[in-house]
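Undergrad: Sharing work-v3.cif below, mmCIF, C-alpha atoms and all ligand atoms:
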data_structure
loop_
_atom_site.label_atom_id
_atom_site.label_comp_id
_atom_site.auth_asym_id
_atom_site.auth_seq_id
_atom_site.Cartn_x
_atom_site.Cartn_y
_atom_site.Cartn_z
CA MET A 12 132.19 -23.35 67.61
CA THR A 13 130.31 -25.79 69.85
CA ARG A 14 131.27 -25.67 73.45
CA ASN A 15 130.12 -28.16 76.02
CA THR A 16 129.90 -27.62 79.71
CA PHE A 17 132.20 -29.77 81.77
CA PRO A 18 130.98 -31.01 85.15
CA SER A 19 133.29 -29.94 87.96
CA VAL A 20 133.94 -32.15 90.91
CA GLU A 21 133.60 -31.09 94.50
CA PHE A 22 137.04 -30.75 95.93
CA ASP A 23 138.89 -30.66 99.17
CA PRO A 24 140.89 -27.51 100.08
CA ALA A 25 143.72 -29.86 101.14
CA TRP A 26 144.31 -30.52 97.43
CA PHE A 27 145.83 -27.04 97.09
CA GLU A 28 148.55 -27.85 99.62
CA ALA A 29 149.12 -31.17 97.85
CA ILE A 30 149.96 -29.51 94.50
CA PRO A 31 153.54 -28.42 95.34
CA ARG A 32 154.16 -31.58 97.38
CA ARG A 33 153.24 -34.09 94.65
CA VAL A 34 156.09 -35.69 92.73
CA SER A 35 156.11 -38.83 90.60
CA SER A 36 157.53 -41.74 92.60
CA ARG A 37 158.59 -44.91 90.81
CA ARG A 38 160.12 -46.92 93.62
CA PHE A 39 157.89 -47.93 96.51
CA ASP A 40 158.62 -49.83 99.73
CA GLY A 41 156.17 -52.64 98.95
CA ALA A 42 154.27 -52.24 102.22
CA PRO A 43 150.47 -52.41 101.92
CA VAL A 44 148.68 -49.09 102.19
CA ASP A 45 146.82 -48.52 105.48
CA PRO A 46 143.27 -49.82 104.83
CA VAL A 47 141.79 -46.71 106.48
CA LEU A 48 143.54 -44.52 103.89
CA LEU A 49 142.41 -46.83 101.10
CA ASP A 50 138.81 -46.62 102.35
CA ARG A 51 139.03 -42.85 102.38
CA LEU A 52 140.44 -42.82 98.87
CA ASP A 53 137.74 -45.21 97.76
CA GLN A 54 135.08 -42.77 98.99
CA THR A 55 136.70 -39.95 97.02
CA ARG A 56 136.91 -42.06 93.90
CA ARG A 57 133.25 -43.08 94.21
CA ARG A 58 132.27 -39.43 94.50
CA LEU A 59 134.41 -38.60 91.46
CA ALA A 60 132.99 -41.49 89.46
CA ALA A 61 129.49 -40.17 90.17
CA ALA A 62 130.31 -36.60 89.10
CA GLY A 63 129.16 -37.22 85.53
CA THR A 64 132.39 -36.51 83.68
CA GLY A 65 132.43 -39.92 81.95
CA ALA A 66 135.65 -40.88 83.73
CA ARG A 67 135.66 -43.68 86.26
CA PRO A 68 138.55 -44.28 88.64
CA VAL A 69 138.76 -47.82 90.01
CA LEU A 70 140.80 -48.64 93.10
CA LEU A 71 143.03 -51.72 92.83
CA ARG A 72 143.73 -52.34 96.52
CA GLN A 73 146.25 -55.03 95.70
CA ALA A 74 147.66 -54.28 92.30
CA PRO A 75 149.29 -57.29 90.66
CA PRO A 76 152.87 -56.31 89.71
CA GLN A 77 152.07 -57.27 86.11
CA VAL A 78 149.90 -54.15 85.65
CA PHE A 79 153.09 -52.10 85.94
CA ALA A 80 154.59 -53.38 82.73
CA GLY A 81 157.81 -51.39 82.55
CA LEU A 82 159.06 -49.97 79.29
CA ILE A 83 162.55 -50.57 78.06
CA GLY A 84 164.84 -48.20 79.90
CA SER A 85 164.06 -46.57 83.17
CA TYR A 86 161.00 -44.46 82.23
CA GLY A 87 158.03 -45.91 83.98
CA ARG A 88 159.66 -48.83 85.69
CA ILE A 89 157.61 -49.08 88.86
CA GLU A 90 158.91 -51.17 91.72
CA GLY A 91 157.06 -52.28 94.81
CA ALA A 92 153.81 -50.30 94.44
CA PRO A 93 151.20 -52.18 96.49
CA SER A 94 148.10 -50.47 95.05
CA ALA A 95 146.96 -48.58 91.99
CA ILE A 96 144.07 -46.63 90.59
CA ALA A 97 142.90 -47.59 87.15
CA LEU A 98 141.69 -44.54 85.25
CA VAL A 99 138.88 -45.70 83.05
CA GLY A 100 136.82 -43.65 80.63
CA ARG A 101 135.11 -43.59 77.29
CA GLU A 102 137.43 -43.82 74.29
CA ALA A 103 137.64 -40.07 73.72
CA ALA A 104 137.47 -39.01 77.37
CA GLY A 105 141.18 -38.27 77.87
CA ARG A 106 140.53 -34.80 79.22
CA GLU A 107 137.90 -36.06 81.69
CA VAL A 108 140.19 -38.90 82.79
CA GLY A 109 143.02 -36.40 83.33
CA TYR A 110 140.80 -34.16 85.45
CA VAL A 111 139.35 -36.94 87.60
CA GLY A 112 142.62 -38.89 87.80
CA GLU A 113 144.50 -35.87 89.10
CA ALA A 114 141.76 -35.33 91.69
CA VAL A 115 142.41 -38.85 93.01
CA ILE A 116 146.17 -38.24 92.91
CA LEU A 117 145.93 -34.98 94.87
CA ASP A 118 143.61 -36.65 97.36
CA ALA A 119 146.14 -39.47 97.82
CA THR A 120 148.97 -36.93 98.14
CA ALA A 121 146.98 -34.99 100.75
CA ALA A 122 146.63 -38.27 102.67
CA GLY A 123 150.43 -38.67 102.68
CA LEU A 124 150.67 -41.27 99.90
CA ASP A 125 153.08 -41.28 96.96
CA THR A 126 151.91 -41.68 93.38
CA CYS A 127 152.92 -41.81 89.74
CA TRP A 128 150.76 -41.27 86.66
CA LEU A 129 151.41 -44.02 84.11
CA ALA A 130 149.91 -43.63 80.67
CA ALA A 131 152.66 -45.48 78.81
CA ALA A 132 154.26 -47.87 81.26
CA PHE A 133 151.33 -50.05 82.24
CA ASP A 134 149.58 -53.09 80.84
CA ALA A 135 146.23 -51.78 79.59
CA GLU A 136 144.93 -55.21 78.63
CA ARG A 137 145.74 -56.80 81.96
CA THR A 138 144.32 -53.81 83.86
CA GLY A 139 141.18 -53.91 81.71
CA GLU A 140 140.55 -57.49 82.82
CA LEU A 141 140.59 -56.35 86.43
CA VAL A 142 138.14 -53.48 86.12
CA ASP A 143 135.20 -54.83 84.16
CA LEU A 144 135.23 -52.45 81.21
CA GLY A 145 131.93 -51.21 79.82
CA GLU A 146 131.22 -50.84 76.13
CA HIS A 147 133.32 -48.04 74.57
CA GLU A 148 135.44 -47.80 77.71
CA ARG A 149 139.16 -48.25 78.02
CA VAL A 150 141.84 -47.85 80.68
CA HIS A 151 143.58 -44.61 79.73
CA ALA A 152 146.19 -44.74 82.47
CA ILE A 153 146.87 -45.99 85.94
CA ALA A 154 148.29 -44.30 89.01
CA ALA A 155 150.73 -46.22 91.17
CA LEU A 156 150.00 -45.80 94.85
CA GLY A 157 151.95 -46.51 98.02
CA THR A 158 154.84 -45.21 100.06
CA ALA A 159 157.98 -44.32 98.15
CA VAL A 160 161.36 -45.46 99.43
CA THR A 161 163.17 -42.58 101.06
CA LYS A 162 166.34 -43.01 99.06
CA ILE A 163 165.74 -43.27 95.34
CA GLY A 164 168.01 -45.53 93.31
CA VAL A 165 170.14 -44.86 90.25
CA SER A 166 167.38 -45.85 87.82
CA GLU A 167 164.85 -43.37 89.18
CA ARG A 168 167.47 -40.65 89.53
CA LEU A 169 168.29 -41.18 85.86
CA THR A 170 164.61 -41.04 84.88
CA ARG A 171 164.07 -37.79 86.75
CA ALA A 172 167.23 -36.26 85.29
CA THR A 173 166.29 -37.27 81.74
CA LEU A 174 162.81 -35.80 82.14
CA ARG A 175 164.13 -32.78 84.02
CA ALA A 176 161.21 -33.73 86.21
CA ARG A 177 161.58 -30.84 88.64
CA SER A 178 161.89 -28.21 85.95
CA ARG A 179 158.97 -26.26 84.54
CA LEU A 180 158.68 -23.72 81.74
CA PRO A 181 158.45 -20.14 83.01
CA LEU A 182 155.00 -18.56 83.17
CA ASP A 183 156.24 -15.81 80.84
CA LYS A 184 156.28 -18.49 78.14
CA THR A 185 153.16 -20.46 79.07
CA ALA A 186 150.99 -17.59 80.34
CA PRO A 187 152.22 -14.36 78.71
CA GLY A 188 150.97 -11.25 80.52
CA HIS A 189 150.13 -13.20 83.69
CA GLU A 190 151.44 -10.39 85.94
CA GLY A 191 148.46 -8.27 84.91
CA TRP A 192 145.83 -10.97 85.54
CA PRO A 193 143.46 -11.00 88.50
CA LYS A 194 144.88 -12.70 91.59
CA TRP A 195 142.69 -15.82 91.15
CA ALA A 196 143.92 -16.32 87.58
CA GLN A 197 147.55 -15.93 88.68
CA GLU A 198 146.96 -18.62 91.33
CA ALA A 199 145.37 -20.80 88.66
CA ALA A 200 148.35 -20.31 86.32
CA GLU A 201 150.86 -21.17 89.05
CA ALA A 202 148.91 -24.33 89.90
CA VAL A 203 148.96 -25.32 86.20
CA ARG A 204 152.70 -24.67 86.07
CA LEU A 205 153.26 -27.27 88.79
CA ALA A 206 151.04 -29.89 87.17
CA PRO A 207 152.47 -33.22 86.02
CA THR A 208 152.45 -33.86 82.27
CA GLY A 209 153.35 -36.90 80.16
CA ALA A 210 157.16 -37.01 79.78
CA ASN A 211 157.14 -33.51 81.37
CA ARG A 212 156.36 -32.00 77.95
CA GLN A 213 154.14 -29.24 79.43
CA PRO A 214 151.87 -28.68 76.43
CA CYS A 215 149.43 -26.27 78.11
CA ARG A 216 149.27 -22.57 77.36
CA MET A 217 147.11 -20.08 79.24
CA ARG A 218 145.46 -16.80 78.41
CA MET A 219 142.67 -14.55 79.64
CA ASP A 220 139.78 -13.92 77.29
CA ASP A 221 136.84 -11.73 78.20
CA GLY A 222 137.26 -12.42 81.93
CA SER A 223 137.67 -16.18 81.46
CA PHE A 224 140.81 -18.23 82.04
CA VAL A 225 141.56 -20.31 78.95
CA ILE A 226 143.88 -23.30 78.67
CA SER A 227 144.85 -24.74 75.29
CA THR A 228 147.51 -27.15 74.16
CA VAL A 229 150.29 -26.43 71.70
CA PRO A 230 149.93 -27.78 68.16
CA LYS A 231 151.51 -31.18 67.58
CA ALA A 232 151.64 -31.84 71.31
CA TYR A 233 152.85 -35.10 72.85
CA TRP A 234 150.23 -37.90 72.76
CA THR A 235 149.23 -37.46 76.42
CA ALA A 236 148.05 -33.87 75.72
CA SER A 237 144.35 -34.48 76.39
CA LEU A 238 145.14 -36.11 79.75
CA ASP A 239 147.53 -33.23 80.45
CA LEU A 240 144.83 -30.69 79.64
CA GLY A 241 142.38 -32.33 82.07
CA ILE A 242 145.05 -32.38 84.78
CA ALA A 243 145.76 -28.68 84.15
CA MET A 244 142.04 -27.88 84.42
CA LEU A 245 141.82 -29.49 87.84
CA HIS A 246 144.92 -27.64 89.02
CA ALA A 247 143.62 -24.30 87.68
CA GLU A 248 140.29 -24.76 89.40
CA VAL A 249 141.91 -25.65 92.73
CA GLY A 250 144.24 -22.62 92.39
CA ALA A 251 141.37 -20.24 91.60
CA ALA A 252 139.33 -21.60 94.52
CA GLN A 253 142.23 -20.91 96.85
CA ALA A 254 141.91 -17.26 95.84
CA GLY A 255 138.15 -17.43 96.53
CA VAL A 256 136.91 -17.82 92.96
CA ARG A 257 134.72 -20.68 91.76
CA GLY A 258 133.39 -21.03 88.25
CA GLU A 259 132.37 -23.27 85.38
CA TRP A 260 134.31 -24.95 82.61
CA SER A 261 133.24 -25.15 79.02
CA VAL A 262 135.29 -27.14 76.55
CA ASP A 263 135.69 -27.58 72.84
CA ALA A 264 138.04 -29.79 70.89
CA ASP A 265 141.20 -27.82 71.62
CA GLU A 266 140.69 -25.75 74.70
CA ALA A 267 139.01 -25.35 78.05
CA ARG A 268 137.56 -22.11 79.34
CA PHE A 269 136.94 -21.32 83.00
CA ALA A 270 134.36 -18.58 83.57
CA PRO A 271 134.29 -17.29 87.13
CA ARG A 272 130.87 -17.33 88.76
CA ALA A 273 129.56 -13.90 89.62
CA THR A 274 129.70 -13.38 93.36
CA SER A 275 126.87 -11.61 95.18
C1 LIG B 1 149.41 -38.21 81.63
C2 LIG B 1 150.72 -38.62 82.23
C3 LIG B 1 151.31 -39.82 81.86
C4 LIG B 1 152.51 -40.24 82.44
N1 LIG B 1 153.03 -41.46 82.10
C5 LIG B 1 154.17 -41.87 82.68
C6 LIG B 1 154.70 -43.16 82.38
O1 LIG B 1 154.13 -43.93 81.60
N2 LIG B 1 155.84 -43.53 83.01
C7 LIG B 1 156.49 -42.70 83.91
O2 LIG B 1 157.51 -43.09 84.46
N3 LIG B 1 156.01 -41.47 84.22
C8 LIG B 1 154.87 -41.05 83.63
N4 LIG B 1 154.37 -39.81 83.94
C9 LIG B 1 155.06 -38.94 84.91
C10 LIG B 1 155.78 -37.74 84.25
O3 LIG B 1 156.95 -38.17 83.63
C11 LIG B 1 156.03 -36.68 85.32
O4 LIG B 1 154.79 -36.18 85.78
C12 LIG B 1 156.86 -35.52 84.80
O5 LIG B 1 158.15 -35.95 84.44
C13 LIG B 1 157.00 -34.41 85.87
O6 LIG B 1 157.59 -34.93 87.06
P1 LIG B 1 156.82 -34.87 88.45
O7 LIG B 1 155.52 -35.60 88.28
O8 LIG B 1 157.74 -35.53 89.43
O9 LIG B 1 156.55 -33.41 88.78
C14 LIG B 1 153.17 -39.38 83.38
C15 LIG B 1 152.59 -38.17 83.74
C16 LIG B 1 151.37 -37.80 83.18
C17 LIG B 1 150.75 -36.51 83.62
#
Please rewrite the model in this file as structure tokens.
TA:
Amino acid sequence: MTRNTFPSVEFDPAWFEAIPRRVSSRRFDGAPVDPVLLDRLDQTRRRLAAAGTGARPVLLRQAPPQVFAGLIGSYGRIEGAPSAIALVGREAAGREVGYVGEAVILDATAAGLDTCWLAAAFDAERTGELVDLGEHERVHAIAALGTAVTKIGVSERLTRATLRARSRLPLDKTAPGHEGWPKWAQEAAEAVRLAPTGANRQPCRMRMDDGSFVISTVPKAYWTASLDLGIAMLHAEVGAAQAGVRGEWSVDADEARFAPRATS
């Protein structure tokens, strides 16, 4: 089986603290984001775009409301988000876009901003016109960005209830045997457990194999599975780093394998 290495991004330790704080917000107060925060986020996204993953986040400082094309029903109806990040990548780069997109989202969360991944409820064509797409590139998703209203309305409450947005599968199901894993791998698994996934379907499963931490997705997973896998990879890496372990990813079609770097 051919495995390719996957370039990691340099990350900020504050992203670890952001993991349990991040939630998807769909109703924003409409106020523009502080330009200093946007500049900071823009620096992060430039660094991420240069990391060589093939994914390219683009900051839309003033996102036209039309990019948030709501679906029928309450899922994905975004109100009042002043800014967005367009998550651009090559056609087949879902995993890379997930990884890099979640890095931007955790960076924004660490800066005190509210976000929501949108892979379904956005206007890809309209967003594409704003970001100057290269050949073979497309906008895989966008992230809404701003400050959420403090009191969510009926529509968002309904969305969260339908998705059971706060609920996660137990690690005994997604990472069987995790109690016996090294501390860094347990941290990685917990960080993956908290990760956002399309429609909260949680397709990722984890195992240890020959000292490496492996994430795969279930067969017949929801269509956002490759984005979800990339997001899980970023979370796992941030979790492992918190426990003092850095390493390298290699990927094949169905799974991603994190091999810890030998420490001297
Ligand atoms: C790849 C991806 C795509 C998503 N697309 C949408 C979307 O189109 N509309 C929406 O309202 N939420 C979307 N979400 C948000 C999920 O529904 C949310 O992450 C999940 O329900 C868990 O809730 P939480 O993020 O508050 O923890 C998406 C999340 C991910 C990771």
Undergrad: What's around A:Ile96 at 6 Å? Count only C-alpha atoms, leave out sequence neighbours fewer than 6 positions away in its own chain, and write the answer as a PyMOL selection string.
TA: chain A and resi 69-71+153-154
Undergrad: What gap, in Å, lies between atom CA of A:Ala196 and atom CA of A:Val229?
TA: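 Between atom CA of A:Ala196 and atom CA of A:Val229 the gap works out to 19.9 Å.
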Undergrad: Please write out the residues within 7 Å of ligand LIG 1 (chain B) as number ranges by chain, counting only C-alpha atoms and all ligand atoms.
TA: A: 33-37, 86-88, 109, 127-133, 171, 174-177, 205-211, 235, 238-239
Undergrad: Point out the residue among A:Ala273, A:Ala252, A:Leu245, A:Thr161 with the least atom-to-atom distance to A:Glu198, counting only C-alpha atoms.
TA: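 The answer is A:Ala252, which sits nearest to A:Glu198.
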Undergrad: Nearest to A:Leu59: which of A:Asp263, A:Glu167, A:Glu107, A:Glu190 is it, counting only C-alpha atoms?
TA: A:Glu107
Undergrad: Which residues are near A:Gly255? Cut-off 10 Å, only C-alpha atoms, ignore same chain within fewer than 6 positions. Put them as a short mmCIF file (atom, residue, chain, number, x, y, z; two decimals) with C-alpha atoms, in the frame of the given file.
TA:
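The resulting out-v9.cif:
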data_model
loop_
_atom_site.label_atom_id
_atom_site.label_comp_id
_atom_site.auth_asym_id
_atom_site.auth_seq_id
_atom_site.Cartn_x
_atom_site.Cartn_y
_atom_site.Cartn_z
CA LYS A 194 144.88 -12.70 91.59
CA TRP A 195 142.69 -15.82 91.15
CA VAL A 249 141.91 -25.65 92.73
CA THR A 274 129.70 -13.38 93.36
#
Undergrad: Would you list the residues near (142.1, -20.7, 88.1), meaning any protein, DNA or RNA residue with an atom at most 9 Å from that point in file coordinates, counting only C-alpha atoms, as a list in words?
TA: Trp195, Ala196, Gln197, Glu198, Ala199, Ala200, Glu201, Ala202, Val203, Phe224, Met244, Leu245, His246, Ala247, Glu248, Val249, Gly250, Ala251, Ala252, Gln253, Ala254, Val256, Arg257, Gly258, Phe269 and Pro271 of chain A
Undergrad: Have a look at A:Leu182, A:Leu117, A:Ile163, A:Leu240 and name the one nearest to A:Ile30; count only C-alpha atoms.
TA: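 Of the candidates, the smallest distance to A:Ile30 is held by A:Leu117.
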Undergrad: Kindly give the distance, in Å, that separates atom CA of A:Pro31 and atom CA of A:Pro68, rounded to a single decimal.
TA: 22.8 Å
Undergrad: Which residues come within 12 Å of A:Val150, counting all atoms listed in the file, excluding same-chain residues fewer than 6 positions away, as number ranges by chain?
TA: A: 66-69, 78, 96-105, 108-109, 112, 129-131, 133-144
Undergrad: Find the distance between atom CA of A:Ala74 and atom CA of A:Leu49 and write it in Å to one decimal.
TA: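 A separation of 12.7 Å between them.
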Undergrad: Starting from the incomplete input, reconstruct N, CA and C atoms of stretch 44-65 of chain A and write that as a PDB file, in the coordinates of the input.
TA:
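Result saved to part03.pdb:
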ATOM      1  N   VAL A  44     149.183 -50.389 101.735  1.00  0.00           N
ATOM      2  CA  VAL A  44     148.680 -49.090 102.190  1.00  0.00           C
ATOM      3  C   VAL A  44     147.690 -49.323 103.337  1.00  0.00           C
ATOM      4  N   ASP A  45     147.751 -48.473 104.347  1.00  0.00           N
ATOM      5  CA  ASP A  45     146.820 -48.520 105.480  1.00  0.00           C
ATOM      6  C   ASP A  45     145.370 -48.614 104.947  1.00  0.00           C
ATOM      7  N   PRO A  46     144.626 -49.653 105.351  1.00  0.00           N
ATOM      8  CA  PRO A  46     143.270 -49.820 104.830  1.00  0.00           C
ATOM      9  C   PRO A  46     142.350 -48.625 105.103  1.00  0.00           C
ATOM     10  N   VAL A  47     142.625 -47.895 106.186  1.00  0.00           N
ATOM     11  CA  VAL A  47     141.790 -46.710 106.480  1.00  0.00           C
ATOM     12  C   VAL A  47     142.001 -45.656 105.375  1.00  0.00           C
ATOM     13  N   LEU A  48     143.260 -45.482 104.966  1.00  0.00           N
ATOM     14  CA  LEU A  48     143.540 -44.520 103.890  1.00  0.00           C
ATOM     15  C   LEU A  48     142.912 -44.986 102.576  1.00  0.00           C
ATOM     16  N   LEU A  49     142.993 -46.314 102.346  1.00  0.00           N
ATOM     17  CA  LEU A  49     142.410 -46.830 101.100  1.00  0.00           C
ATOM     18  C   LEU A  49     140.894 -46.638 101.099  1.00  0.00           C
ATOM     19  N   ASP A  50     140.259 -46.823 102.270  1.00  0.00           N
ATOM     20  CA  ASP A  50     138.810 -46.620 102.350  1.00  0.00           C
ATOM     21  C   ASP A  50     138.459 -45.168 102.054  1.00  0.00           C
ATOM     22  N   ARG A  51     139.287 -44.276 102.594  1.00  0.00           N
ATOM     23  CA  ARG A  51     139.030 -42.850 102.380  1.00  0.00           C
ATOM     24  C   ARG A  51     139.166 -42.494 100.896  1.00  0.00           C
ATOM     25  N   LEU A  52     140.206 -43.065 100.294  1.00  0.00           N
ATOM     26  CA  LEU A  52     140.440 -42.820  98.870  1.00  0.00           C
ATOM     27  C   LEU A  52     139.315 -43.425  98.024  1.00  0.00           C
ATOM     28  N   ASP A  53     138.822 -44.553  98.482  1.00  0.00           N
ATOM     29  CA  ASP A  53     137.740 -45.210  97.760  1.00  0.00           C
ATOM     30  C   ASP A  53     136.473 -44.349  97.789  1.00  0.00           C
ATOM     31  N   GLN A  54     136.248 -43.675  98.912  1.00  0.00           N
ATOM     32  CA  GLN A  54     135.080 -42.770  98.990  1.00  0.00           C
ATOM     33  C   GLN A  54     135.242 -41.619  98.003  1.00  0.00           C
ATOM     34  N   THR A  55     136.450 -41.055  97.975  1.00  0.00           N
ATOM     35  CA  THR A  55     136.700 -39.950  97.020  1.00  0.00           C
ATOM     36  C   THR A  55     136.479 -40.437  95.603  1.00  0.00           C
ATOM     37  N   ARG A  56     137.007 -41.616  95.296  1.00  0.00           N
ATOM     38  CA  ARG A  56     136.910 -42.060  93.900  1.00  0.00           C
ATOM     39  C   ARG A  56     135.460 -42.412  93.529  1.00  0.00           C
ATOM     40  N   ARG A  57     134.676 -42.858  94.488  1.00  0.00           N
ATOM     41  CA  ARG A  57     133.250 -43.080  94.210  1.00  0.00           C
ATOM     42  C   ARG A  57     132.547 -41.766  93.891  1.00  0.00           C
ATOM     43  N   ARG A  58     132.866 -40.753  94.702  1.00  0.00           N
ATOM     44  CA  ARG A  58     132.270 -39.430  94.500  1.00  0.00           C
ATOM     45  C   ARG A  58     132.663 -38.897  93.116  1.00  0.00           C
ATOM     46  N   LEU A  59     133.932 -39.093  92.758  1.00  0.00           N
ATOM     47  CA  LEU A  59     134.410 -38.600  91.460  1.00  0.00           C
ATOM     48  C   LEU A  59     133.767 -39.365  90.311  1.00  0.00           C
ATOM     49  N   ALA A  60     133.592 -40.679  90.517  1.00  0.00           N
ATOM     50  CA  ALA A  60     132.990 -41.490  89.460  1.00  0.00           C
ATOM     51  C   ALA A  60     131.543 -41.075  89.229  1.00  0.00           C
ATOM     52  N   ALA A  61     130.907 -40.541  90.281  1.00  0.00           N
ATOM     53  CA  ALA A  61     129.490 -40.170  90.170  1.00  0.00           C
ATOM     54  C   ALA A  61     129.301 -38.735  89.671  1.00  0.00           C
ATOM     55  N   ALA A  62     130.418 -38.032  89.436  1.00  0.00           N
ATOM     56  CA  ALA A  62     130.310 -36.600  89.100  1.00  0.00           C
ATOM     57  C   ALA A  62     129.800 -36.349  87.677  1.00  0.00           C
ATOM     58  N   GLY A  63     129.738 -37.385  86.860  1.00  0.00           N
ATOM     59  CA  GLY A  63     129.160 -37.220  85.530  1.00  0.00           C
ATOM     60  C   GLY A  63     130.139 -36.751  84.470  1.00  0.00           C
ATOM     61  N   THR A  64     131.422 -36.922  84.700  1.00  0.00           N
ATOM     62  CA  THR A  64     132.390 -36.510  83.680  1.00  0.00           C
ATOM     63  C   THR A  64     132.562 -37.574  82.596  1.00  0.00           C
ATOM     64  N   GLY A  65     132.177 -38.826  82.892  1.00  0.00           N
ATOM     65  CA  GLY A  65     132.430 -39.920  81.950  1.00  0.00           C
ATOM     66  C   GLY A  65     133.733 -40.635  82.259  1.00  0.00           C
TER      67      GLY A  65
END
